[in-house]
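Listing of my_file35.pdb; format and content: PDB, N, CA and C atoms, pLDDT in the B column.
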```pdb
ATOM      1  N   MET A1162      52.162 140.773 142.703  1.00 63.00           N
ATOM      2  CA  MET A1162      51.642 140.700 144.062  1.00 63.00           C
ATOM      3  C   MET A1162      52.245 141.820 144.904  1.00 63.00           C
ATOM      4  N   ASN A1163      51.459 142.300 145.839  1.00 72.00           N
ATOM      5  CA  ASN A1163      51.915 143.358 146.722  1.00 72.00           C
ATOM      6  C   ASN A1163      51.906 142.849 148.153  1.00 72.00           C
ATOM      7  N   TYR A1164      53.075 142.566 148.692  1.00 70.00           N
ATOM      8  CA  TYR A1164      53.196 142.070 150.065  1.00 70.00           C
ATOM      9  C   TYR A1164      53.559 143.221 150.983  1.00 70.00           C
ATOM     10  N   ASN A1165      52.878 143.307 152.121  1.00 77.00           N
ATOM     11  CA  ASN A1165      53.263 144.318 153.102  1.00 77.00           C
ATOM     12  C   ASN A1165      53.693 143.698 154.418  1.00 77.00           C
ATOM     13  N   LYS A1166      53.581 142.364 154.531  1.00 78.00           N
ATOM     14  CA  LYS A1166      54.024 141.639 155.722  1.00 78.00           C
ATOM     15  C   LYS A1166      54.614 140.310 155.285  1.00 78.00           C
ATOM     16  N   ILE A1167      55.790 140.009 155.784  1.00 83.00           N
ATOM     17  CA  ILE A1167      56.445 138.742 155.488  1.00 83.00           C
ATOM     18  C   ILE A1167      57.029 138.217 156.788  1.00 83.00           C
ATOM     19  N   ILE A1168      56.802 136.961 157.083  1.00 82.00           N
ATOM     20  CA  ILE A1168      57.371 136.332 158.277  1.00 82.00           C
ATOM     21  C   ILE A1168      58.445 135.356 157.821  1.00 82.00           C
ATOM     22  N   VAL A1169      59.626 135.477 158.410  1.00 86.00           N
ATOM     23  CA  VAL A1169      60.732 134.592 158.081  1.00 86.00           C
ATOM     24  C   VAL A1169      60.991 133.705 159.295  1.00 86.00           C
ATOM     25  N   VAL A1170      60.928 132.397 159.096  1.00 81.00           N
ATOM     26  CA  VAL A1170      61.171 131.445 160.177  1.00 81.00           C
ATOM     27  C   VAL A1170      62.253 130.463 159.743  1.00 81.00           C
ATOM     28  N   GLY A1171      62.921 129.886 160.728  1.00 81.00           N
ATOM     29  CA  GLY A1171      63.945 128.905 160.420  1.00 81.00           C
ATOM     30  C   GLY A1171      64.717 128.517 161.654  1.00 81.00           C
ATOM     31  N   CYS A1172      65.588 127.567 161.494  1.00 82.00           N
ATOM     32  CA  CYS A1172      66.412 127.064 162.596  1.00 82.00           C
ATOM     33  C   CYS A1172      67.452 128.103 162.999  1.00 82.00           C
ATOM     34  N   PRO A1173      67.938 128.025 164.240  1.00 82.00           N
ATOM     35  CA  PRO A1173      69.015 128.924 164.675  1.00 82.00           C
ATOM     36  C   PRO A1173      70.222 128.787 163.754  1.00 82.00           C
ATOM     37  N   GLY A1174      70.810 129.909 163.396  1.00 88.00           N
ATOM     38  CA  GLY A1174      72.005 129.897 162.563  1.00 88.00           C
ATOM     39  C   GLY A1174      71.745 129.689 161.085  1.00 88.00           C
ATOM     40  N   ALA A1175      70.486 129.684 160.669  1.00 88.00           N
ATOM     41  CA  ALA A1175      70.152 129.413 159.264  1.00 88.00           C
ATOM     42  C   ALA A1175      70.317 130.635 158.361  1.00 88.00           C
ATOM     43  N   GLY A1176      70.478 131.813 158.951  1.00 91.00           N
ATOM     44  CA  GLY A1176      70.642 133.022 158.150  1.00 91.00           C
ATOM     45  C   GLY A1176      69.388 133.879 158.053  1.00 91.00           C
ATOM     46  N   LYS A1177      68.460 133.688 158.989  1.00 90.00           N
ATOM     47  CA  LYS A1177      67.203 134.457 158.967  1.00 90.00           C
ATOM     48  C   LYS A1177      67.452 135.958 159.068  1.00 90.00           C
ATOM     49  N   SER A1178      68.322 136.363 159.968  1.00 92.00           N
ATOM     50  CA  SER A1178      68.579 137.793 160.170  1.00 92.00           C
ATOM     51  C   SER A1178      69.219 138.418 158.939  1.00 92.00           C
ATOM     52  N   THR A1179      70.208 137.750 158.386  1.00 94.00           N
ATOM     53  CA  THR A1179      70.873 138.265 157.185  1.00 94.00           C
ATOM     54  C   THR A1179      69.881 138.368 156.030  1.00 94.00           C
ATOM     55  N   PHE A1180      69.130 137.310 155.799  1.00 95.00           N
ATOM     56  CA  PHE A1180      68.128 137.303 154.738  1.00 95.00           C
ATOM     57  C   PHE A1180      67.090 138.402 154.962  1.00 95.00           C
ATOM     58  N   SER A1181      66.622 138.524 156.203  1.00 93.00           N
ATOM     59  CA  SER A1181      65.578 139.500 156.522  1.00 93.00           C
ATOM     60  C   SER A1181      66.054 140.929 156.307  1.00 93.00           C
ATOM     61  N   ARG A1182      67.293 141.220 156.700  1.00 94.00           N
ATOM     62  CA  ARG A1182      67.843 142.570 156.478  1.00 94.00           C
ATOM     63  C   ARG A1182      67.887 142.898 154.984  1.00 94.00           C
ATOM     64  N   LYS A1183      68.377 141.945 154.203  1.00 95.00           N
ATOM     65  CA  LYS A1183      68.456 142.166 152.749  1.00 95.00           C
ATOM     66  C   LYS A1183      67.068 142.314 152.135  1.00 95.00           C
ATOM     67  N   LEU A1184      66.125 141.508 152.604  1.00 93.00           N
ATOM     68  CA  LEU A1184      64.751 141.582 152.110  1.00 93.00           C
ATOM     69  C   LEU A1184      64.126 142.930 152.439  1.00 93.00           C
ATOM     70  N   ALA A1185      64.352 143.398 153.663  1.00 92.00           N
ATOM     71  CA  ALA A1185      63.806 144.696 154.086  1.00 92.00           C
ATOM     72  C   ALA A1185      64.403 145.828 153.253  1.00 92.00           C
ATOM     73  N   GLU A1186      65.711 145.753 152.994  1.00 94.00           N
ATOM     74  CA  GLU A1186      66.363 146.778 152.175  1.00 94.00           C
ATOM     75  C   GLU A1186      65.787 146.800 150.765  1.00 94.00           C
ATOM     76  N   LYS A1187      65.576 145.632 150.216  1.00 93.00           N
ATOM     77  CA  LYS A1187      65.114 145.530 148.830  1.00 93.00           C
ATOM     78  C   LYS A1187      63.634 145.915 148.666  1.00 93.00           C
ATOM     79  N   THR A1188      62.808 145.538 149.641  1.00 90.00           N
ATOM     80  CA  THR A1188      61.359 145.759 149.522  1.00 90.00           C
ATOM     81  C   THR A1188      60.874 147.032 150.205  1.00 90.00           C
ATOM     82  N   GLY A1189      61.635 147.523 151.175  1.00 90.00           N
ATOM     83  CA  GLY A1189      61.177 148.679 151.942  1.00 90.00           C
ATOM     84  C   GLY A1189      60.202 148.318 153.048  1.00 90.00           C
ATOM     85  N   ILE A1190      59.947 147.022 153.227  1.00 89.00           N
ATOM     86  CA  ILE A1190      59.060 146.564 154.306  1.00 89.00           C
ATOM     87  C   ILE A1190      59.833 146.648 155.620  1.00 89.00           C
ATOM     88  N   PRO A1191      59.254 147.253 156.666  1.00 89.00           N
ATOM     89  CA  PRO A1191      59.953 147.361 157.953  1.00 89.00           C
ATOM     90  C   PRO A1191      60.326 145.984 158.507  1.00 89.00           C
ATOM     91  N   LEU A1192      61.465 145.939 159.185  1.00 90.00           N
ATOM     92  CA  LEU A1192      61.963 144.706 159.780  1.00 90.00           C
ATOM     93  C   LEU A1192      61.857 144.794 161.295  1.00 90.00           C
ATOM     94  N   TYR A1193      61.211 143.806 161.894  1.00 86.00           N
ATOM     95  CA  TYR A1193      61.091 143.715 163.351  1.00 86.00           C
ATOM     96  C   TYR A1193      61.524 142.323 163.770  1.00 86.00           C
ATOM     97  N   HIS A1194      62.531 142.252 164.625  1.00 84.00           N
ATOM     98  CA  HIS A1194      62.977 140.968 165.155  1.00 84.00           C
ATOM     99  C   HIS A1194      62.166 140.675 166.413  1.00 84.00           C
ATOM    100  N   LEU A1195      61.519 139.524 166.463  1.00 79.00           N
ATOM    101  CA  LEU A1195      60.703 139.186 167.629  1.00 79.00           C
ATOM    102  C   LEU A1195      61.529 139.117 168.897  1.00 79.00           C
ATOM    103  N   ASP A1196      62.785 138.688 168.785  1.00 80.00           N
ATOM    104  CA  ASP A1196      63.652 138.680 169.968  1.00 80.00           C
ATOM    105  C   ASP A1196      63.789 140.078 170.556  1.00 80.00           C
ATOM    106  N   ALA A1197      63.846 141.073 169.697  1.00 79.00           N
ATOM    107  CA  ALA A1197      63.986 142.453 170.170  1.00 79.00           C
ATOM    108  C   ALA A1197      62.718 142.943 170.856  1.00 79.00           C
ATOM    109  N   LEU A1198      61.584 142.365 170.501  1.00 78.00           N
ATOM    110  CA  LEU A1198      60.332 142.726 171.165  1.00 78.00           C
ATOM    111  C   LEU A1198      60.176 141.996 172.493  1.00 78.00           C
ATOM    112  N   TYR A1199      60.705 140.772 172.571  1.00 81.00           N
ATOM    113  CA  TYR A1199      60.518 139.938 173.757  1.00 81.00           C
ATOM    114  C   TYR A1199      61.566 140.222 174.829  1.00 81.00           C
ATOM    115  N   TRP A1200      62.821 140.398 174.425  1.00 83.00           N
ATOM    116  CA  TRP A1200      63.907 140.587 175.391  1.00 83.00           C
ATOM    117  C   TRP A1200      64.192 142.064 175.609  1.00 83.00           C
ATOM    118  N   LYS A1201      64.382 142.454 176.865  1.00 84.00           N
ATOM    119  CA  LYS A1201      64.770 143.825 177.187  1.00 84.00           C
ATOM    120  C   LYS A1201      66.289 143.934 177.072  1.00 84.00           C
ATOM    121  N   GLU A1202      66.802 145.151 177.206  1.00 85.00           N
ATOM    122  CA  GLU A1202      68.246 145.371 177.054  1.00 85.00           C
ATOM    123  C   GLU A1202      69.074 144.610 178.078  1.00 85.00           C
ATOM    124  N   ASP A1203      68.538 144.360 179.266  1.00 89.00           N
ATOM    125  CA  ASP A1203      69.294 143.641 180.304  1.00 89.00           C
ATOM    126  C   ASP A1203      69.096 142.124 180.218  1.00 89.00           C
ATOM    127  N   TRP A1204      68.538 141.649 179.113  1.00 86.00           N
ATOM    128  CA  TRP A1204      68.291 140.232 178.822  1.00 86.00           C
ATOM    129  C   TRP A1204      67.256 139.589 179.749  1.00 86.00           C
ATOM    130  N   THR A1205      66.450 140.402 180.405  1.00 89.00           N
ATOM    131  CA  THR A1205      65.252 139.868 181.053  1.00 89.00           C
ATOM    132  C   THR A1205      64.135 140.025 180.030  1.00 89.00           C
ATOM    133  N   HIS A1206      63.117 139.208 180.147  1.00 87.00           N
ATOM    134  CA  HIS A1206      62.055 139.287 179.154  1.00 87.00           C
ATOM    135  C   HIS A1206      60.898 140.141 179.656  1.00 87.00           C
ATOM    136  N   ILE A1207      60.060 140.537 178.737  1.00 87.00           N
ATOM    137  CA  ILE A1207      58.898 141.341 179.092  1.00 87.00           C
ATOM    138  C   ILE A1207      57.933 140.493 179.918  1.00 87.00           C
ATOM    139  N   SER A1208      57.016 141.142 180.570  1.00 88.00           N
ATOM    140  CA  SER A1208      56.058 140.434 181.422  1.00 88.00           C
ATOM    141  C   SER A1208      55.073 139.633 180.574  1.00 88.00           C
ATOM    142  N   ARG A1209      54.418 138.671 181.189  1.00 88.00           N
ATOM    143  CA  ARG A1209      53.390 137.891 180.492  1.00 88.00           C
ATOM    144  C   ARG A1209      52.275 138.796 179.978  1.00 88.00           C
ATOM    145  N   GLU A1210      51.962 139.816 180.765  1.00 89.00           N
ATOM    146  CA  GLU A1210      50.916 140.766 180.368  1.00 89.00           C
ATOM    147  C   GLU A1210      51.280 141.447 179.050  1.00 89.00           C
ATOM    148  N   HIS A1211      52.518 141.906 178.944  1.00 85.00           N
ATOM    149  CA  HIS A1211      52.948 142.573 177.714  1.00 85.00           C
ATOM    150  C   HIS A1211      53.074 141.584 176.555  1.00 85.00           C
ATOM    151  N   LEU A1212      53.473 140.364 176.841  1.00 82.00           N
ATOM    152  CA  LEU A1212      53.542 139.340 175.803  1.00 82.00           C
ATOM    153  C   LEU A1212      52.142 139.048 175.261  1.00 82.00           C
ATOM    154  N   ARG A1213      51.164 138.925 176.151  1.00 85.00           N
ATOM    155  CA  ARG A1213      49.781 138.695 175.707  1.00 85.00           C
ATOM    156  C   ARG A1213      49.282 139.866 174.860  1.00 85.00           C
ATOM    157  N   PHE A1214      49.662 141.067 175.248  1.00 82.00           N
ATOM    158  CA  PHE A1214      49.289 142.251 174.476  1.00 82.00           C
ATOM    159  C   PHE A1214      49.836 142.158 173.051  1.00 82.00           C
ATOM    160  N   ILE A1215      51.097 141.794 172.912  1.00 75.00           N
ATOM    161  CA  ILE A1215      51.719 141.641 171.596  1.00 75.00           C
ATOM    162  C   ILE A1215      51.016 140.543 170.809  1.00 75.00           C
ATOM    163  N   GLN A1216      50.744 139.415 171.455  1.00 77.00           N
ATOM    164  CA  GLN A1216      50.078 138.305 170.771  1.00 77.00           C
ATOM    165  C   GLN A1216      48.692 138.710 170.267  1.00 77.00           C
ATOM    166  N   LYS A1217      47.952 139.467 171.075  1.00 78.00           N
ATOM    167  CA  LYS A1217      46.620 139.911 170.658  1.00 78.00           C
ATOM    168  C   LYS A1217      46.695 140.790 169.426  1.00 78.00           C
ATOM    169  N   ILE A1218      47.676 141.687 169.399  1.00 70.00           N
ATOM    170  CA  ILE A1218      47.816 142.571 168.243  1.00 70.00           C
ATOM    171  C   ILE A1218      48.139 141.751 166.997  1.00 70.00           C
ATOM    172  N   PHE A1219      49.069 140.812 167.117  1.00 70.00           N
ATOM    173  CA  PHE A1219      49.415 139.977 165.960  1.00 70.00           C
ATOM    174  C   PHE A1219      48.201 139.194 165.478  1.00 70.00           C
ATOM    175  N   LYS A1220      47.450 138.632 166.400  1.00 70.00           N
ATOM    176  CA  LYS A1220      46.295 137.812 166.022  1.00 70.00           C
ATOM    177  C   LYS A1220      45.201 138.642 165.369  1.00 70.00           C
ATOM    178  N   ARG A1221      44.925 139.811 165.924  1.00 67.00           N
ATOM    179  CA  ARG A1221      43.821 140.620 165.424  1.00 67.00           C
ATOM    180  C   ARG A1221      44.186 141.459 164.217  1.00 67.00           C
ATOM    181  N   LYS A1222      45.293 142.157 164.304  1.00 58.00           N
ATOM    182  CA  LYS A1222      45.560 143.169 163.282  1.00 58.00           C
ATOM    183  C   LYS A1222      46.900 143.009 162.590  1.00 58.00           C
ATOM    184  N   GLY A1223      47.873 142.425 163.268  1.00 54.00           N
ATOM    185  CA  GLY A1223      49.197 142.372 162.674  1.00 54.00           C
ATOM    186  C   GLY A1223      49.814 143.751 162.527  1.00 54.00           C
ATOM    187  N   ASN A1224      49.401 144.684 163.382  1.00 49.00           N
ATOM    188  CA  ASN A1224      49.848 146.057 163.270  1.00 49.00           C
ATOM    189  C   ASN A1224      51.173 146.247 164.005  1.00 49.00           C
ATOM    190  N   HIS A1225      52.254 146.188 163.264  1.00 52.00           N
ATOM    191  CA  HIS A1225      53.587 146.240 163.863  1.00 52.00           C
ATOM    192  C   HIS A1225      53.932 147.595 164.471  1.00 52.00           C
ATOM    193  N   SER A1226      53.366 148.668 163.950  1.00 54.00           N
ATOM    194  CA  SER A1226      53.686 149.981 164.495  1.00 54.00           C
ATOM    195  C   SER A1226      53.197 150.105 165.926  1.00 54.00           C
ATOM    196  N   LYS A1227      52.027 149.532 166.248  1.00 51.00           N
ATOM    197  CA  LYS A1227      51.532 149.555 167.624  1.00 51.00           C
ATOM    198  C   LYS A1227      52.444 148.740 168.534  1.00 51.00           C
ATOM    199  N   ILE A1228      52.908 147.611 168.056  1.00 49.00           N
ATOM    200  CA  ILE A1228      53.801 146.769 168.853  1.00 49.00           C
ATOM    201  C   ILE A1228      55.094 147.509 169.133  1.00 49.00           C
ATOM    202  N   LYS A1229      55.650 148.126 168.124  1.00 54.00           N
ATOM    203  CA  LYS A1229      56.909 148.835 168.284  1.00 54.00           C
ATOM    204  C   LYS A1229      56.777 149.956 169.309  1.00 54.00           C
ATOM    205  N   ARG A1230      55.699 150.743 169.200  1.00 56.00           N
ATOM    206  CA  ARG A1230      55.488 151.831 170.160  1.00 56.00           C
ATOM    207  C   ARG A1230      55.315 151.293 171.567  1.00 56.00           C
ATOM    208  N   ARG A1231      54.527 150.244 171.739  1.00 51.00           N
ATOM    209  CA  ARG A1231      54.251 149.684 173.056  1.00 51.00           C
ATOM    210  C   ARG A1231      55.524 149.102 173.676  1.00 51.00           C
ATOM    211  N   CYS A1232      56.299 148.394 172.902  1.00 50.00           N
ATOM    212  CA  CYS A1232      57.519 147.781 173.437  1.00 50.00           C
ATOM    213  C   CYS A1232      58.564 148.840 173.779  1.00 50.00           C
ATOM    214  N   ARG A1233      58.610 149.899 173.027  1.00 52.00           N
ATOM    215  CA  ARG A1233      59.522 150.971 173.353  1.00 52.00           C
ATOM    216  C   ARG A1233      59.141 151.562 174.705  1.00 52.00           C
ATOM    217  N   HIS A1234      57.835 151.678 174.957  1.00 50.00           N
ATOM    218  CA  HIS A1234      57.321 152.176 176.221  1.00 50.00           C
ATOM    219  C   HIS A1234      57.677 151.218 177.359  1.00 50.00           C
ATOM    220  N   VAL A1235      57.542 149.929 177.128  1.00 47.00           N
ATOM    221  CA  VAL A1235      57.790 148.911 178.153  1.00 47.00           C
ATOM    222  C   VAL A1235      59.267 148.874 178.526  1.00 47.00           C
ATOM    223  N   SER A1236      60.157 148.900 177.526  1.00 44.00           N
ATOM    224  CA  SER A1236      61.577 148.740 177.801  1.00 44.00           C
ATOM    225  C   SER A1236      62.247 150.057 178.180  1.00 44.00           C
ATOM    226  N   GLY A1237      61.631 151.171 177.843  1.00 45.00           N
ATOM    227  CA  GLY A1237      62.268 152.462 178.087  1.00 45.00           C
ATOM    228  C   GLY A1237      61.820 153.032 179.352  1.00 45.00           C
TER     229      GLY A1237
END
```
Please re-express this file's structure in structure tokens.
Amino acid sequence: MNYNKIIVVGCPGAGKSTFSRKLAEKTGIPLYHLDALYWKEDWTHISREHLRFIQKIFKRKGNHSKIKRRCRHVSG
């Protein structure tokens, strides 16, 4: 099987980040933490408008590169 997208979910403190980093290293699949997309550097969150934009991309295309570029624009 050839996977190009994997979603890791779990309870807080379950080891999702550690597992995800190792998985990304082993598979070469890019790793994106949703917290990093939602929270800005000053710990305020992105606007509802930008959140809806991210949700639309995930629902329609799952294109993470567009999300990454857009969020970099929003937070920078």
So the first atom is atom N of Leu1192 of chain A and the second is atom N of Lys1166 of chain A; what is the distance between them in Å, to one decimal place? 9.8 Å
So which residues get picked by the PyMOL selection byres (((chain A and resi 1167-1177 and name CA) around 12) and name CA) here, written as a list in words? Asn1163, Tyr1164, Asn1165, Lys1166, Ser1178, Thr1179, Phe1180, Ser1181, Arg1182, Lys1183, Leu1184, Ala1185, Thr1188, Gly1189, Ile1190, Pro1191, Leu1192, Tyr1193, His1194, Leu1195, Phe1219, Gly1223 and His1225 of chain A
Between atom CA of Ile1218 of chain A and atom N of Ala1197 of chain A, what distance in Å does the model show, to one decimal?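 Between atom CA of Ile1218 of chain A and atom N of Ala1197 of chain A the gap works out to 16.2 Å.
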Edge lengths and centre in Å to one decimal, as AutoDock Vina command-line options, is what I'm after for the box along x, y and z that holds all listed atoms of segment 1172-1179 of chain A once 3 Å is added on each side.
```
--center_x 68.8 --center_y 132.7 --center_z 160.4 --size_x 12.4 --size_y 17.4 --size_z 14.6
```
Those in segment 1166-1232 of chain A with alpha helix (DSSP H) from DSSP, as a PyMOL selection string: chain A and resi 1177-1188+1195-1199+1209-1221+1225-1232
Separation of atom CA of Leu1212 of chain A from atom CA of Leu1198 of chain A, in Å and rounded to one decimal: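 The value is 8.9 Å.
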Which polymer residues have any atom within 10 Å of an atom of Ser1208 of chain A, counting only C-alpha atoms, with same-chain residues fewer than 5 positions away left out, as a list in words?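 Final neighbour list, sorted by chain and number: Tyr1199, Trp1200, Arg1213, Phe1214 and Val1235 of chain A.
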Output file for the selection above: N, CA and C atoms, as an mmCIF file, in the frame of the given file:
```cif
data_model
loop_
_atom_site.group_PDB
_atom_site.id
_atom_site.type_symbol
_atom_site.label_atom_id
_atom_site.label_comp_id
_atom_site.auth_asym_id
_atom_site.auth_seq_id
_atom_site.Cartn_x
_atom_site.Cartn_y
_atom_site.Cartn_z
ATOM 1 N N TYR A 1199 60.705 140.772 172.571
ATOM 2 C CA TYR A 1199 60.518 139.938 173.757
ATOM 3 C C TYR A 1199 61.566 140.222 174.829
ATOM 4 N N TRP A 1200 62.821 140.398 174.425
ATOM 5 C CA TRP A 1200 63.907 140.587 175.391
ATOM 6 C C TRP A 1200 64.192 142.064 175.609
ATOM 7 N N ARG A 1213 51.164 138.925 176.151
ATOM 8 C CA ARG A 1213 49.781 138.695 175.707
ATOM 9 C C ARG A 1213 49.282 139.866 174.860
ATOM 10 N N PHE A 1214 49.662 141.067 175.248
ATOM 11 C CA PHE A 1214 49.289 142.251 174.476
ATOM 12 C C PHE A 1214 49.836 142.158 173.051
ATOM 13 N N VAL A 1235 57.542 149.929 177.128
ATOM 14 C CA VAL A 1235 57.790 148.911 178.153
ATOM 15 C C VAL A 1235 59.267 148.874 178.526
#
```
